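One file, model_5.txt, is given below (compact mmCIF, N, CA and C atoms and all ligand atoms).
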# COMPACT_ATOMS: atom_id res chain seq x y z
N MET A 806 48.08 12.89 69.94
CA MET A 806 48.82 12.08 70.93
C MET A 806 49.97 12.89 71.52
N LEU A 807 50.03 12.88 72.81
CA LEU A 807 51.19 13.50 73.46
C LEU A 807 52.29 12.46 73.56
N GLY A 808 53.48 12.87 73.30
CA GLY A 808 54.58 11.91 73.32
C GLY A 808 55.14 11.66 74.71
N VAL A 809 54.29 11.35 75.66
CA VAL A 809 54.76 11.11 77.02
C VAL A 809 54.95 9.61 77.26
N SER A 810 56.13 9.27 77.60
CA SER A 810 56.41 7.86 77.84
C SER A 810 56.19 7.49 79.29
N CYS A 811 55.53 6.36 79.49
CA CYS A 811 55.25 5.93 80.86
C CYS A 811 56.51 5.50 81.59
N SER A 812 57.55 5.19 80.86
CA SER A 812 58.75 4.70 81.52
C SER A 812 59.60 5.84 82.10
N LYS A 813 59.21 7.09 81.79
CA LYS A 813 59.98 8.21 82.34
C LYS A 813 59.75 8.31 83.84
N ARG A 814 60.80 8.38 84.58
CA ARG A 814 60.69 8.43 86.04
C ARG A 814 61.08 9.81 86.53
N ALA A 815 60.65 10.13 87.75
CA ALA A 815 60.97 11.44 88.32
C ALA A 815 62.47 11.60 88.52
N SER A 816 63.17 10.48 88.59
CA SER A 816 64.60 10.55 88.87
C SER A 816 65.43 10.76 87.61
N VAL A 817 64.73 10.96 86.47
CA VAL A 817 65.43 11.21 85.22
C VAL A 817 66.42 12.36 85.40
N GLU A 818 67.54 12.27 84.76
CA GLU A 818 68.60 13.26 84.93
C GLU A 818 68.08 14.68 84.68
N GLY A 819 68.44 15.61 85.53
CA GLY A 819 68.01 16.99 85.35
C GLY A 819 66.77 17.33 86.16
N VAL A 820 66.04 16.32 86.63
CA VAL A 820 64.87 16.59 87.45
C VAL A 820 65.28 16.51 88.91
N VAL A 821 65.20 17.65 89.60
CA VAL A 821 65.58 17.67 91.01
C VAL A 821 64.31 17.76 91.84
N ARG A 822 64.12 16.79 92.72
CA ARG A 822 62.93 16.79 93.56
C ARG A 822 63.08 17.79 94.71
N THR A 823 61.97 18.15 95.30
CA THR A 823 62.01 19.10 96.42
C THR A 823 62.28 18.34 97.72
N GLY A 824 62.62 19.09 98.77
CA GLY A 824 62.89 18.49 100.08
C GLY A 824 61.77 17.57 100.55
N PRO A 825 60.50 18.06 100.57
CA PRO A 825 59.41 17.21 101.05
C PRO A 825 59.25 15.94 100.22
N GLU A 826 59.47 16.05 98.91
CA GLU A 826 59.35 14.87 98.04
C GLU A 826 60.42 13.83 98.39
N ILE A 827 61.62 14.31 98.62
CA ILE A 827 62.71 13.39 98.93
C ILE A 827 62.47 12.76 100.31
N TYR A 828 62.03 13.59 101.25
CA TYR A 828 61.77 13.11 102.62
C TYR A 828 60.75 11.98 102.59
N LYS A 829 59.70 12.18 101.80
CA LYS A 829 58.63 11.20 101.70
C LYS A 829 59.11 9.93 100.99
N ALA A 830 59.77 10.12 99.85
CA ALA A 830 60.20 9.00 99.03
C ALA A 830 61.29 8.17 99.71
N SER A 831 62.05 8.78 100.62
CA SER A 831 63.17 8.09 101.25
C SER A 831 62.76 7.36 102.52
N GLY A 832 61.52 7.49 102.92
CA GLY A 832 61.06 6.76 104.11
C GLY A 832 61.51 7.36 105.43
N CYS A 833 62.00 8.60 105.40
CA CYS A 833 62.47 9.25 106.62
C CYS A 833 61.35 9.36 107.66
N LYS A 834 60.11 9.55 107.17
CA LYS A 834 59.03 9.82 108.11
C LYS A 834 58.66 8.60 108.95
N THR A 835 59.02 7.43 108.49
CA THR A 835 58.77 6.24 109.30
C THR A 835 59.42 6.39 110.67
N CYS A 836 60.62 6.91 110.69
CA CYS A 836 61.37 7.02 111.95
C CYS A 836 61.40 8.44 112.52
N HIS A 837 61.14 9.44 111.68
CA HIS A 837 61.26 10.82 112.18
C HIS A 837 59.94 11.59 112.16
N GLY A 838 58.84 10.90 111.80
CA GLY A 838 57.53 11.54 111.80
C GLY A 838 57.24 12.31 110.53
N ASP A 839 55.95 12.56 110.29
CA ASP A 839 55.50 13.24 109.07
C ASP A 839 56.16 14.59 108.86
N MET A 840 56.37 15.30 109.96
CA MET A 840 56.89 16.67 109.86
C MET A 840 58.30 16.77 110.45
N GLY A 841 58.98 15.65 110.62
CA GLY A 841 60.31 15.68 111.22
C GLY A 841 60.27 15.90 112.72
N GLN A 842 59.10 15.71 113.31
CA GLN A 842 58.96 16.00 114.76
C GLN A 842 59.51 14.87 115.63
N GLY A 843 59.85 13.75 115.02
CA GLY A 843 60.38 12.62 115.78
C GLY A 843 59.27 11.73 116.29
N ASN A 844 59.62 10.49 116.59
CA ASN A 844 58.67 9.58 117.23
C ASN A 844 59.48 8.54 117.99
N ARG A 845 58.88 7.41 118.29
CA ARG A 845 59.59 6.44 119.14
C ARG A 845 60.80 5.81 118.45
N THR A 846 60.81 5.84 117.13
CA THR A 846 61.92 5.19 116.42
C THR A 846 63.04 6.14 115.99
N GLY A 847 62.78 7.42 116.06
CA GLY A 847 63.83 8.36 115.65
C GLY A 847 63.67 9.72 116.30
N PRO A 848 64.79 10.44 116.48
CA PRO A 848 64.74 11.74 117.14
C PRO A 848 64.12 12.82 116.26
N SER A 849 63.76 13.94 116.86
CA SER A 849 63.24 15.10 116.14
C SER A 849 64.30 15.65 115.20
N LEU A 850 63.86 16.12 114.04
CA LEU A 850 64.78 16.76 113.10
C LEU A 850 64.55 18.27 113.06
N LEU A 851 63.78 18.77 114.02
CA LEU A 851 63.53 20.21 114.05
C LEU A 851 64.74 20.89 114.67
N GLU A 852 65.13 22.01 114.13
CA GLU A 852 66.27 22.79 114.61
C GLU A 852 67.61 22.06 114.47
N LEU A 853 67.74 21.34 113.36
CA LEU A 853 69.03 20.69 113.07
C LEU A 853 70.14 21.72 112.91
N ASP A 854 69.74 22.95 112.57
CA ASP A 854 70.76 23.99 112.35
C ASP A 854 71.53 24.35 113.63
N LYS A 855 71.04 23.88 114.77
CA LYS A 855 71.81 24.08 116.00
C LYS A 855 73.05 23.18 116.04
N HIS A 856 73.02 22.11 115.27
CA HIS A 856 74.09 21.12 115.35
C HIS A 856 74.86 20.91 114.05
N PHE A 857 74.25 21.32 112.93
CA PHE A 857 74.87 21.04 111.64
C PHE A 857 74.89 22.28 110.76
N ASP A 858 75.85 22.31 109.82
CA ASP A 858 75.74 23.22 108.68
C ASP A 858 75.55 22.33 107.44
N GLY A 859 75.44 22.93 106.28
CA GLY A 859 75.17 22.14 105.07
C GLY A 859 76.18 21.02 104.87
N LYS A 860 77.44 21.35 105.12
CA LYS A 860 78.50 20.39 104.86
C LYS A 860 78.45 19.20 105.84
N SER A 861 78.31 19.52 107.13
CA SER A 861 78.33 18.43 108.11
C SER A 861 77.05 17.59 108.04
N LEU A 862 75.93 18.22 107.64
CA LEU A 862 74.70 17.44 107.52
C LEU A 862 74.78 16.49 106.32
N THR A 863 75.34 16.99 105.22
CA THR A 863 75.53 16.13 104.06
C THR A 863 76.43 14.95 104.41
N ALA A 864 77.49 15.24 105.14
CA ALA A 864 78.42 14.17 105.55
C ALA A 864 77.70 13.15 106.43
N PHE A 865 76.85 13.65 107.35
CA PHE A 865 76.09 12.75 108.21
C PHE A 865 75.20 11.84 107.38
N LEU A 866 74.46 12.43 106.42
CA LEU A 866 73.52 11.64 105.63
C LEU A 866 74.24 10.57 104.82
N LEU A 867 75.42 10.91 104.30
CA LEU A 867 76.16 9.95 103.47
C LEU A 867 76.74 8.81 104.30
N ASP A 868 77.09 9.11 105.56
CA ASP A 868 77.72 8.09 106.40
C ASP A 868 77.43 8.38 107.88
N PRO A 869 76.19 8.06 108.31
CA PRO A 869 75.80 8.38 109.70
C PRO A 869 76.76 7.80 110.73
N ALA A 870 77.17 6.55 110.55
CA ALA A 870 78.01 5.89 111.56
C ALA A 870 79.31 6.67 111.79
N ALA A 871 79.89 7.20 110.71
CA ALA A 871 81.16 7.93 110.83
C ALA A 871 80.97 9.23 111.61
N SER A 872 79.78 9.87 111.43
CA SER A 872 79.53 11.13 112.15
C SER A 872 79.18 10.86 113.62
N ILE A 873 78.54 9.72 113.87
CA ILE A 873 78.13 9.39 115.23
C ILE A 873 79.34 9.05 116.10
N ALA A 874 80.28 8.31 115.53
CA ALA A 874 81.46 7.87 116.29
C ALA A 874 82.22 9.08 116.85
N GLY A 875 82.37 9.12 118.16
CA GLY A 875 83.14 10.18 118.79
C GLY A 875 82.35 11.45 119.06
N ASN A 876 81.07 11.51 118.63
CA ASN A 876 80.22 12.68 118.90
C ASN A 876 79.27 12.30 120.03
N SER A 877 79.50 12.84 121.23
CA SER A 877 78.77 12.34 122.40
C SER A 877 77.26 12.57 122.28
N ARG A 878 76.85 13.68 121.67
CA ARG A 878 75.41 13.93 121.52
C ARG A 878 74.77 12.89 120.60
N LEU A 879 75.42 12.61 119.47
CA LEU A 879 74.88 11.63 118.53
C LEU A 879 74.98 10.21 119.09
N GLU A 880 76.03 9.93 119.85
CA GLU A 880 76.15 8.60 120.46
C GLU A 880 75.01 8.37 121.46
N ALA A 881 74.66 9.44 122.19
CA ALA A 881 73.55 9.33 123.15
C ALA A 881 72.24 9.05 122.41
N LEU A 882 72.03 9.75 121.28
CA LEU A 882 70.81 9.50 120.48
C LEU A 882 70.81 8.07 119.95
N ASP A 883 71.96 7.63 119.50
CA ASP A 883 72.08 6.28 118.94
C ASP A 883 71.72 5.24 120.00
N ASN A 884 72.13 5.49 121.24
CA ASN A 884 71.82 4.55 122.33
C ASN A 884 70.35 4.63 122.75
N GLU A 885 69.79 5.83 122.61
CA GLU A 885 68.41 6.04 123.06
C GLU A 885 67.40 5.33 122.16
N TYR A 886 67.68 5.30 120.86
CA TYR A 886 66.74 4.71 119.90
C TYR A 886 67.26 3.36 119.44
N ARG A 887 66.34 2.43 119.28
CA ARG A 887 66.75 1.09 118.87
C ARG A 887 67.15 1.02 117.41
N SER A 888 66.52 1.87 116.60
CA SER A 888 66.83 1.84 115.18
C SER A 888 68.12 2.63 114.92
N THR A 889 68.62 2.51 113.73
CA THR A 889 69.85 3.21 113.35
C THR A 889 69.66 3.76 111.95
N MET A 890 70.21 4.91 111.72
CA MET A 890 70.16 5.54 110.40
C MET A 890 70.99 4.77 109.40
N LYS A 891 70.44 4.60 108.21
CA LYS A 891 71.22 4.00 107.13
C LYS A 891 71.76 5.11 106.24
N PRO A 892 72.90 4.89 105.61
CA PRO A 892 73.46 5.91 104.72
C PRO A 892 72.49 6.26 103.59
N VAL A 893 72.42 7.54 103.27
CA VAL A 893 71.59 8.02 102.16
C VAL A 893 72.49 8.04 100.93
N THR A 894 72.43 6.96 100.17
CA THR A 894 73.39 6.79 99.07
C THR A 894 72.74 7.00 97.70
N TYR A 895 71.41 7.25 97.71
CA TYR A 895 70.66 7.21 96.45
C TYR A 895 70.34 8.57 95.87
N LEU A 896 70.87 9.65 96.46
CA LEU A 896 70.61 10.99 95.91
C LEU A 896 71.82 11.49 95.15
N ASN A 897 71.56 12.21 94.05
CA ASN A 897 72.69 12.81 93.36
C ASN A 897 73.11 14.08 94.12
N ALA A 898 74.23 14.66 93.73
CA ALA A 898 74.81 15.78 94.48
C ALA A 898 73.83 16.94 94.61
N GLU A 899 73.08 17.19 93.53
CA GLU A 899 72.15 18.31 93.53
C GLU A 899 71.01 18.08 94.52
N GLU A 900 70.47 16.87 94.49
CA GLU A 900 69.36 16.56 95.41
C GLU A 900 69.84 16.55 96.85
N LEU A 901 71.05 16.08 97.05
CA LEU A 901 71.61 16.04 98.40
C LEU A 901 71.71 17.47 98.96
N GLU A 902 72.07 18.41 98.11
CA GLU A 902 72.20 19.80 98.54
C GLU A 902 70.83 20.41 98.85
N VAL A 903 69.87 20.19 97.94
CA VAL A 903 68.50 20.68 98.13
C VAL A 903 67.93 20.11 99.42
N PHE A 904 68.14 18.82 99.60
CA PHE A 904 67.57 18.11 100.75
C PHE A 904 68.20 18.59 102.07
N SER A 905 69.50 18.76 102.10
CA SER A 905 70.19 19.22 103.32
C SER A 905 69.70 20.62 103.70
N LYS A 906 69.56 21.48 102.71
CA LYS A 906 69.09 22.86 102.97
C LYS A 906 67.68 22.82 103.56
N TRP A 907 66.84 21.98 102.98
CA TRP A 907 65.44 21.89 103.45
C TRP A 907 65.41 21.36 104.89
N LEU A 908 66.20 20.32 105.15
CA LEU A 908 66.23 19.74 106.50
C LEU A 908 66.69 20.79 107.53
N LEU A 909 67.70 21.57 107.15
CA LEU A 909 68.23 22.58 108.08
C LEU A 909 67.21 23.67 108.37
N ALA A 910 66.23 23.85 107.47
CA ALA A 910 65.23 24.90 107.65
C ALA A 910 63.99 24.40 108.39
N LEU A 911 63.93 23.10 108.72
CA LEU A 911 62.77 22.58 109.47
C LEU A 911 62.72 23.28 110.82
N PRO A 912 61.54 23.58 111.42
CA PRO A 912 60.24 23.19 110.91
C PRO A 912 59.59 24.21 109.97
N GLN A 913 60.22 25.38 109.76
CA GLN A 913 59.57 26.44 108.98
C GLN A 913 59.07 25.94 107.62
N ALA A 914 59.87 25.11 106.98
CA ALA A 914 59.55 24.71 105.60
C ALA A 914 58.97 23.32 105.51
N ALA A 915 58.35 22.87 106.61
CA ALA A 915 57.93 21.47 106.66
C ALA A 915 57.06 21.02 105.50
N GLN A 916 56.22 21.90 105.00
CA GLN A 916 55.36 21.44 103.89
C GLN A 916 55.64 22.16 102.58
C1 LIG B 1001 65.05 3.16 110.70
C2 LIG B 1001 64.75 4.44 111.26
C3 LIG B 1001 65.30 5.69 110.59
C4 LIG B 1001 65.11 6.10 109.29
C5 LIG B 1001 64.32 5.41 108.18
C6 LIG B 1001 65.77 7.37 109.17
N1 LIG B 1001 66.37 7.71 110.35
FE1 LIG B 1001 67.40 9.41 110.77
N2 LIG B 1001 67.87 8.73 112.61
C7 LIG B 1001 67.39 7.55 113.17
C8 LIG B 1001 68.00 7.35 114.47
C9 LIG B 1001 67.72 6.19 115.42
C10 LIG B 1001 68.85 8.44 114.68
C11 LIG B 1001 69.78 8.69 115.89
C12 LIG B 1001 71.19 8.28 115.50
C13 LIG B 1001 71.29 6.80 115.21
O1 LIG B 1001 70.99 5.98 116.08
O2 LIG B 1001 71.61 6.43 114.06
C14 LIG B 1001 68.74 9.29 113.50
C15 LIG B 1001 69.38 10.50 113.34
C16 LIG B 1001 69.17 11.37 112.29
C17 LIG B 1001 69.74 12.69 112.19
C18 LIG B 1001 70.60 13.38 113.23
C19 LIG B 1001 69.70 14.07 114.24
C20 LIG B 1001 70.45 14.94 115.21
O3 LIG B 1001 69.83 15.43 116.16
O4 LIG B 1001 71.64 15.17 115.01
C21 LIG B 1001 69.33 13.21 110.99
C22 LIG B 1001 69.68 14.57 110.42
C23 LIG B 1001 68.50 12.21 110.37
N3 LIG B 1001 68.42 11.12 111.17
C24 LIG B 1001 67.89 12.37 109.13
C25 LIG B 1001 67.21 11.36 108.46
C26 LIG B 1001 66.73 11.48 107.10
C27 LIG B 1001 66.86 12.71 106.25
C28 LIG B 1001 66.16 10.28 106.77
C29 LIG B 1001 65.62 9.83 105.42
C30 LIG B 1001 66.56 9.86 104.33
C31 LIG B 1001 66.27 9.42 107.93
N4 LIG B 1001 66.92 10.11 108.93
C32 LIG B 1001 65.81 8.13 108.01
C33 LIG B 1001 66.51 6.67 112.57
C34 LIG B 1001 66.10 6.71 111.25

Using the file provided, produce a representation of the structure as structure tokens.
Amino acid sequence: MLGVSCSKRASVEGVVRTGPEIYKASGCKTCHGDMGQGNRTGPSLLELDKHFDGKSLTAFLLDPAASIAGNSRLEALDNEYRSTMKPVTYLNAEELEVFSKWLLALPQAAQ
């Protein structure tokens, strides 16, 4: 018998998921497309590095509304799409860092 418990979840402490896993599990693709290419409900996430660095992208994910306020480019996107980003509050610091780095590298690292 292997001592593997069914109640162990991927989110167990110390297990850091990869960018694609987080993207999928967080439902980002509903609004931003399978590969971050964007669709009718959300803008493209390709070439985010033109607008963000790791720090500002992390800040955006934690509190989109605060980053959008006063940023004319983001305000225009907010007006263009009917949906709105919700804060990403469910990732630990390590996953947030992995995820931000992966997002900034799109589309090269899409899969
Ligand atoms: C309900 C639809 C929806 C979901 C789900 C969603 N987003 Fe968004 N996202 C948007 C919209 C709409 C915008 C444009 C700004 C606004 O209106 O909030 C946006 C903007 C963004 C931006 C800024 C793009 C730019 O050009 O600056 C990033 C980065 C982003 N989303 C990442 C994500 C990630 C990562 C996830 C998953 C954790 C996610 N989004 C989930 C709708 C969504």

What parts of chain A does DSSP call helix (DSSP H, G or I)? I'd like the answer as a VMD selection string.
chain A and resid 824 to 830 833 to 837 853 to 855 859 to 867 869 to 873 877 to 885 898 to 909

Neighbouring residues of ligand LIG 1001 (chain B) are defined here as those with any atom at most 7 Å from a ligand atom, counting only C-alpha atoms and all ligand atoms; list them as a PyMOL selection string.
chain A and resi 828+831-837+846-850+853+856+862+866+869-870+879+882-884+886-891+893

One number please: atom C of Glu899 in chain A to CA of Val821 in chain A, in Å, one decimal.
6.5 Å

Fewer than 3 positions away in the same chain doesn't count, so skip those; otherwise give me all residues within 10 Å of Leu908 in chain A, counting only C-alpha atoms, as a VMD selection string.
chain A and resid 824 to 825 828 841 850 to 854 859 862 902 to 905 911 to 915

So how many Å separate CA of Val820 in chain A and atom N of Leu909 in chain A, to one decimal?
20.5 Å

Have a look at CA of Asn876 in chain A and CA of Glu826 in chain A and let me know their distance in Å, one decimal.
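Separating CA of Asn876 in chain A from CA of Glu826 in chain A is a distance of 29.6 Å.
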
Tell me which of A:Glu880, A:Ser861, A:Gly843, A:Lys829 sits closest to Lys906 in chain A, counting only C-alpha atoms.
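Distance minimum relative to Lys906 in chain A lands on A:Ser861.
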